[in-house]
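J.: First, the structure itself, so that you have it in front of you.
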Number of protein chains: 4
Amino acid sequence: MTSITGRSAAGQKLGKIFPHLASIDLTIAAELGDVALAFSAMPHKESAPQIIPLLERGIKVVDISADFRLKDAAEYPCWYGFSHPAPQLLEEAVYGLPERYQPQVAAARLVANPGCYPTGAILALAPAVKEGLIEPDIIIDSKSGVSGAGRTLSLHTHFPEANEGVAAYALDGHRHLPEIVQELQLLRPQLSPSVTFVPHLIPMTRGILTTCYAPLASGKATAGKKEELRQLYRDYYQSAPFVRVVDSPPHTKQTWGSNFCLIHPTIDDRTGKLIVISCLDNLVKGAAGQAIQNMNLMLGLPETTGLEVLAIYP
Amino acid sequence: MTSITGRSAAGQKLGKIFPHLASIDLTIAAELGDVALAFSAMPHKESAPQIIPLLERGIKVVDISADFRLKDAAEYPCWYGFSHPAPQLLEEAVYGLPERYQPQVAAARLVANPGCYPTGAILALAPAVKEGLIEPDIIIDSKSGVSGAGRTLSLHTHFPEANEGVAAYALDGHRHLPEIVQELQLLRPQLSPSVTFVPHLIPMTRGILTTCYAPLASGKATAGKKEELRQLYRDYYQSAPFVRVVDSPPHTKQTWGSNFCLIHPTIDDRTGKLIVISCLDNLVKGAAGQAIQNMNLMLGLPETTGLEVLAIYP
Amino acid sequence: MTSITGRSAAGQKLGKIFPHLASIDLTIAAELGDVALAFSAMPHKESAPQIIPLLERGIKVVDISADFRLKDAAEYPCWYGFSHPAPQLLEEAVYGLPERYQPQVAAARLVANPGCYPTGAILALAPAVKEGLIEPDIIIDSKSGVSGAGRTLSLHTHFPEANEGVAAYALDGHRHLPEIVQELQLLRPQLSPSVTFVPHLIPMTRGILTTCYAPLASGKATAGKKEELRQLYRDYYQSAPFVRVVDSPPHTKQTWGSNFCLIHPTIDDRTGKLIVISCLDNLVKGAAGQAIQNMNLMLGLPETTGLEVLAIYP
Amino acid sequence: MTSITGRSAAGQKLGKIFPHLASIDLTIAAELGDVALAFSAMPHKESAPQIIPLLERGIKVVDISADFRLKDAAEYPCWYGFSHPAPQLLEEAVYGLPERYQPQVAAARLVANPGCYPTGAILALAPAVKEGLIEPDIIIDSKSGVSGAGRTLSLHTHFPEANEGVAAYALDGHRHLPEIVQELQLLRPQLSPSVTFVPHLIPMTRGILTTCYAPLASGKATAGKKEELRQLYRDYYQSAPFVRVVDSPPHTKQTWGSNFCLIHPTIDDRTGKLIVISCLDNLVKGAAGQAIQNMNLMLGLPETTGLEVLAIYP
């Protein structure tokens with residue numbers, strides 16, 4: 001069965017709240033029905049307490065919040081301002097980046113869907129980190145559409161304020177930073193990644209472009225070896241249906257509405273820096289689409305089920 | 001007198017070509033009148049040959065093109081694809097960043113107005129470079145509105161293509177890079193700056209936000225010393241009427257239509273990186289407004305004449 | 001078989017030209033392959049000469065250009081500036097608005113896909129015209145996203161010019177007017193529609209919102225009868241899978257990327273005017289999606305094949 | 001003296017709340033200082049009670065709210081939901097459209113600054129109504145940028161919802177309608193205007209474009225007489241420094257940041273309709289700029305003082 005729950009809108013037709021879904025005949029319920037798998041899209045801190053009873057009922061869960069993304073419970077008070085209610089589940093929970101943890105996701109009962117920024121940043125850096133191509137001194141400069149800030153109203157997302165302008169934010173540390181550091185560390189234990197991550201809000205609805213910079217490790221990929229570098233990335237992602245390594249800098253519109261992440265690795269020959277640019281739709285590969293991809297794996301469905309749609313362009 | 005020239009529009013009223021200027025009663029001429037100072041807004045390579053006769057006629061010139069920005073004539077074939085027709089003028093020409101070269105501009109007969117990206121990048125980094133706060137390993141990640149690409153039509157600036165998306169470009173080296181390197185080098189001769197510069201086009205008309213990253217030099221400004229850092233920047237720019245050092249990350253809209261450059265220097269305490277964010281209106285401080293600022297100095301007018309207008313917000 | 005042709009891009013992979021389609025393995029050919037049905041997306045005047053030989057080869061055609069939309073060959077010199085090369089086909093060609101001509105489309109070998117504006121305007125007015133609810137004095141005020149102007153570069157569609165502004169155009173008569181008049185006339189032969197149509201370009205990529213105004217015919221739907229009016233519209237469109245009559249003013253985003261046309265009819269009680277608002281995605285229901293809908297009918301497929309995708313929101 | 005008051009921000013520097021005004025050294029006060037004239041920018045219903053004591057103190061007032069725009073106190077409960085607290089002032093208050101009431105504004109102690117939509121609509125129609133060119137059956141279709149909805153947060157003005165889409169609203173009657181009807185009526189008492197007004201929100205920050213439609217009165221301006229019509233408009237506005245009658249359809253960007261209203265009257269020769277398009281910046285001529293224009297007149301200053309700035313383009 002299919003069941004959808006909501007607090008403020010319980011009892012209403014889905015199409016009443018989201019008119020573009022009017023052709024789906026579903027009523028928003030207060031309680032979850034008898035399902036095999038649930039997506040939790042609660043705010044952080046509120047999600048874990050809702051999920052624990054579902055797991056006890058034998059329901060698999062994809063948590064779209066941050067509540068099970070970090071392995072170290074001590075990070076939660078620091079970054080999210082609460083003590084984790086179920087630290088024992090943190091180890092069990094699988095970080096839901098299928099390009100990295102496909103078999104683990106397939107076997108999991110609890111998957112922590114990654115944040116939108118970490119998805120693009122980790123996919124951009126994973127092959128280089130894994131292969132030891134770079135020094136650990138990493139800069140991640142991300143540009144996100146405004147929907148990344150969610151549906152909660154704020155002056156920063158008020159149209160006349162957000163439109164026609166750009167700003168950086170969270171310069172003292174964005175909550176997605178520890179996920180990124182954790183996953184880069186796990187990719188190459190001997191690396192102690194030093195990551196500076198600066199997100200920016202730009203005047204568009206959807207999409208994240210992430211530009212990553214790191215010094216090439218000496219003796220590794222060198223100036224002029226751009227094609228070799230791209231081949232290394234292609235090899236790394238050869239079985240990933242939603243990653244495409246591209247030969248020129250990608251435009252976020254090439255992923256609008258789709259579950260693809262496009263990655264363009266290159267080298268600044270003058271300075272010996274690796275530059276990797278990734279882009280994705282923050283609401284699809286960066287959130288709901290990746291959740292479906294995880295669900296597919298958890299339920300033994302083909303990984304691409306329901307996600308075949310191409311980007312809407314232009 | 002005031003005189004405006006144009007090739008394709010010669011003979012027409014200014015307001016016919018630019019309706020928002022209809023209240024200015026000027027006719028576009030084929031030949032420049034008897035003026036004390038001229039602005040040249042020709043494309044690069046075409047500008048220098050137009051300017052040389054003006055100088056010979058005793059007319060001061062602010063060149064908005066790149067033709068006199070680089071000190072080393074050997075850079076022109078490499079970056080702009082032509083041999084410089086008057087290398088002897090490159091030394092005489094003053095790089096028109098008044099915050100850096102105010103007395104030289106005031107005495108100049110030929111000023112090379114900086115590029116839009118270099119203005120924001122150099123202003124963001126100058127105090128730190130000058131004071132030796134950073135290692136030479138610099139990343140400059142810029143986000144520009146589409147008007148930065150000029151008025152020439154292209155698919156990249158076609159509304160349906162440019163809207164609602166972001167992309168990096170010029171990954172093999174943007175023409176503004178050598179200006180930036182030249183000026184950082186001149187600020188501190190013992191530094192050999194290694195600069196990686198990646199520009200991005202974002203879906204807005206005006207504005208450039210530049211995010212600069214560099215490792216703090218050991219023994220210099222350290223973690224937790226953010227207020228000291230900002231004070232150092234404020235001191236550096238204390239007599240600059242169009243630079244404002246701000247306490248929180250600036251939004252490009254705060255400079256829309258004005259000649260201000262806002263600068264926010266800070267420190268990533270986790271990684272020991274200097275982060276400096278600057279923003280400006282690429283068509284004002286990044287081009288025409290800075291040209292007027294230079295003219296004011298060259299003609300002995302108050303530096304802010306004609307430039308007092310505040311940003312249009314929101 | 002599937003075949004795609006192109007003049008300037010012949011020989012290249014589709015994904016090279018349109019990166020978002022890279023996962024479709026098709027090469028652009030110079031000549032059309034052995035297909036059952038062809039879409040022609042040539043400019044007007046150039047389309048007809050390409051289509052005639054296809055028909056002679058027994059290939060069904062959906063023409064996305066205007067070349068077969070008007071029944072009266074005499075209109076072509078006036079509105080499109082050419083003499084029609086095959087006036088005998090004008091009568092045979094079916095105007096491809098399936099909500100109006102479903103059986104005729106199903107039987108056709110040549111379908112003239114409607115323009116983007118006429119689709120929204122005719123669907124908005126058809127029930128009222130058919131039922132004689134209104135006087136013939138009709139105002140149609142349309143607001144279109146910039147993609148409606150096509151991919152040809154122009155100053156009007158240059159991002160910095162088109163962004164953050166709105167203007168009306170074609171005040172002396174837009175080419176889509178005769179289609180609208182023709183079809184309203186055919187809906188009710190005794191009506192001689194007097195149609196003022198003003199299109200506007202607004203700063204968004206996709207979508208058309210059309211606001212129609214007409215005096216209510218005396219004795220017909222009257223002030224306060226809004227629900228009856230909506231029911232009449234619902235009845236008219238009861239078997240149309242892509243029209244949804246909605247209870248509140250629709251937002252074009254509710255149709256973004258989908259083949260739906262949303263229609264909201266209401267009454268201005270103070271003035272006795274019918275107001276009908278319709279919206280659609282100009283590139284889907286206003287062009288390519290409608291073409292597929294026509295193809296489905298022509299090939300005996302379910303009308304909604306390939307068009308089930310919901311709108312991308314937000 | 002200059003004094004600025006605010007409730008939530010009292011005690012703070014102006015530049016703290018609005019960073020783009022940081023160069024103005026003003027502190028927000030709780031109480032108004034000793035000024036000659038005050039602008040009230042309170043919400044409707046709250047403005048009148050604040051204004052009455054100011055008038056008693058001998059302070060002239062420009063009220064930006066709607067509290068003194070309507071002459072008939074009985075309209076307030078109907079359109080604004082409150083009984084007017086000072087109906088005796090409604091007759092005294094001058095409707096602050098200087099192009100219509102310049103001498104009255106100059107002599108007034110209380111001016112009701114018009115709404116943003118009425119400014120554009122009345123200026124577009126005034127010459128035609130005054131001269132009896134049209135029948136009273138008027139359609140006004142307006143397209144406004146999102147800042148017209150104010151700074152109060154709502155889902156309709158949340159960036160991801162408002163961006164890339166357009167919708168009509170207030171189909172049952174917008175509060176600006178009675179102002180429009182009142183002023184058209186006063187322009188020509190024998191006309192009983194029947195006005196259908198439909199506002200639309202479009203994805204841009206500033207600007208209103210208004211498209212007006214009305215049948216030409218028989219015997220008056222006729223098909224083909226477009227130039228005569230424009231001359232009539234030019235004559236009507238010959239002494240209005242901020243109205244420009246233009247020969248082609250204006251673009252709202254031509255007024256961005258300026259106090260101009262551009263007007264393009266034309267005729268639909270096919271249907272005998274007058275079409276008039278006006279555009280302005282809703283935050284300048286549609287609000288604060290017009291308030292300054294009124295102040296100038298009330299204080300005996302040149303009408304254009306402080307308002308000479310040209311539009312920012314593009």
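Chain identifiers are assigned as A, B, and so on, following the order in which chains appear in the structure tokens; residues are numbered from 1 within each chain, and ligands are numbered from 1 in order of appearance.
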Taking only C-alpha atoms into account, which residues of chain C are within 7 Å of chain D, as a list in words?
T.: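 Taken together, these residues fit the definition: Pro160, Glu161, Glu164, Gly165, Val166, Ala167, Ala168, Tyr169, Asp172, Ser194, Val195, Thr196, Pro203, Met204, Thr205, Leu209, Pro249, Pro250, His251, Thr252, Lys253, Asp268, Thr271 and Pro314 of chain C.
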J.: Write out, as a compact mmCIF listing (two decimals), in the first residue's frame, the residues just selected, with N, CA and C atoms.
T.:
# COMPACT_ATOMS: atom_id res chain seq x y z
N PRO C 160 20.41 39.72 -20.02
CA PRO C 160 20.33 40.98 -19.26
C PRO C 160 19.20 41.90 -19.73
N GLU C 161 18.76 41.74 -20.95
CA GLU C 161 17.66 42.57 -21.45
C GLU C 161 16.30 41.99 -21.04
N GLU C 164 14.13 40.41 -15.43
CA GLU C 164 13.65 41.47 -14.54
C GLU C 164 12.89 42.57 -15.27
N GLY C 165 12.13 42.17 -16.26
CA GLY C 165 11.32 43.15 -16.93
C GLY C 165 10.22 42.47 -17.72
N VAL C 166 9.25 43.24 -18.13
CA VAL C 166 8.14 42.70 -18.90
C VAL C 166 7.76 43.74 -19.94
N ALA C 167 7.34 43.26 -21.10
CA ALA C 167 6.87 44.18 -22.14
C ALA C 167 5.83 43.46 -22.99
N ALA C 168 4.93 44.23 -23.56
CA ALA C 168 4.02 43.71 -24.57
C ALA C 168 4.72 43.77 -25.93
N TYR C 169 4.25 42.99 -26.86
CA TYR C 169 4.82 43.08 -28.19
C TYR C 169 3.75 42.74 -29.23
N ASP C 172 0.50 45.33 -33.28
CA ASP C 172 -0.20 45.48 -34.56
C ASP C 172 -0.76 44.16 -35.08
N SER C 194 -14.69 39.19 -32.42
CA SER C 194 -13.80 40.34 -32.50
C SER C 194 -12.77 40.15 -31.40
N VAL C 195 -11.55 39.81 -31.80
CA VAL C 195 -10.54 39.39 -30.83
C VAL C 195 -9.38 40.37 -30.79
N THR C 196 -9.13 40.94 -29.62
CA THR C 196 -7.91 41.72 -29.40
C THR C 196 -6.96 40.84 -28.61
N PRO C 203 9.79 37.43 -17.56
CA PRO C 203 11.12 36.86 -17.30
C PRO C 203 11.09 35.50 -16.63
N MET C 204 10.70 34.52 -17.40
CA MET C 204 10.78 33.13 -16.94
C MET C 204 11.02 32.30 -18.20
N THR C 205 11.48 31.09 -18.02
CA THR C 205 11.84 30.28 -19.17
C THR C 205 10.62 29.70 -19.87
N LEU C 209 0.57 32.05 -19.36
CA LEU C 209 -0.69 32.30 -18.68
C LEU C 209 -1.49 33.21 -19.59
N PRO C 249 -7.24 30.45 -9.14
CA PRO C 249 -6.37 30.86 -10.27
C PRO C 249 -5.11 30.01 -10.32
N PRO C 250 -4.85 29.39 -11.45
CA PRO C 250 -3.68 28.49 -11.53
C PRO C 250 -2.38 29.27 -11.70
N HIS C 251 -1.31 28.62 -11.33
CA HIS C 251 0.04 29.16 -11.44
C HIS C 251 0.74 28.35 -12.53
N THR C 252 1.45 29.01 -13.41
CA THR C 252 2.06 28.26 -14.51
C THR C 252 2.97 27.14 -14.02
N LYS C 253 3.56 27.31 -12.83
CA LYS C 253 4.46 26.26 -12.34
C LYS C 253 3.74 24.94 -12.12
N ASP C 268 -16.68 38.30 -13.31
CA ASP C 268 -16.54 39.55 -12.57
C ASP C 268 -17.95 40.05 -12.29
N THR C 271 -19.08 43.70 -13.19
CA THR C 271 -19.16 44.21 -14.56
C THR C 271 -19.81 43.22 -15.53
N PRO C 314 8.80 22.66 -6.84
CA PRO C 314 8.66 24.02 -7.36
C PRO C 314 9.74 24.26 -8.44
J.: May I have the residues within 7 Å of Val35 of chain A as number ranges by chain, using only C-alpha atoms and disregarding those fewer than 3 positions away in the same chain?
T.: A: 1-2, 38, 59
J.: For the residues selected in the previous step, produce a file with N, CA, C and O atoms as a CSV table (one decimal), in the first residue's frame.
T.:
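The result, stored in selection14.csv:
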chain,number,residue,atom,x,y,z
A,1,MET,N,0.8,-1.2,0.0
A,1,MET,CA,0.0,0.0,0.0
A,1,MET,C,0.9,1.3,0.0
A,1,MET,O,2.1,1.2,0.3
A,2,THR,N,0.3,2.4,-0.4
A,2,THR,CA,0.9,3.7,-0.4
A,2,THR,C,0.2,4.5,0.7
A,2,THR,O,-1.0,4.6,0.7
A,38,ALA,N,9.4,3.3,4.7
A,38,ALA,CA,9.0,4.7,4.9
A,38,ALA,C,10.1,5.6,4.6
A,38,ALA,O,11.2,5.4,4.9
A,59,ILE,N,9.5,-1.9,9.7
A,59,ILE,CA,9.4,-1.1,8.5
A,59,ILE,C,10.9,-0.5,8.2
A,59,ILE,O,11.5,0.0,9.1
J.: So which residues of segment 23-101 of chain C fall under strand (DSSP E) by DSSP, listed as a ChimeraX atom specification?
T.: /C:28-29,37-40,60-63,94-95
J.: Which is closest to Leu110 of chain A among A:Pro136, A:Gly58, A:Gly150, A:Pro77, if we use only C-alpha atoms?
T.: A:Gly58
J.: Any idea what the distance is between atom CA of Pro53 of chain D and atom CA of Ser3 of chain D?
T.: 16.6 Å
J.: Considering only C-alpha atoms, return as JSON, numbers by chain whatever protein or nucleic-acid residues lie within 12 Å of Leu297 of chain A, sequence-local ones (same chain, fewer than 2 positions apart) excluded.
T.: {"A": [37, 60, 62, 96, 97, 98, 99, 101, 102, 103, 104, 105, 106, 107, 108, 109, 111, 290, 291, 292, 293, 294, 295, 299, 300, 301, 302, 303, 304, 305]}
J.: Tell me, in Å to one decimal, how far atom CA of Tyr236 of chain D is from atom CA of Ser258 of chain D.
T.: 21.2 Å
J.: Which distance in Å separates atom CA of Ser192 of chain C and atom CA of Tyr237 of chain C, to one decimal?
T.: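 Separation of atom CA of Ser192 of chain C and atom CA of Tyr237 of chain C: 23.7 Å.
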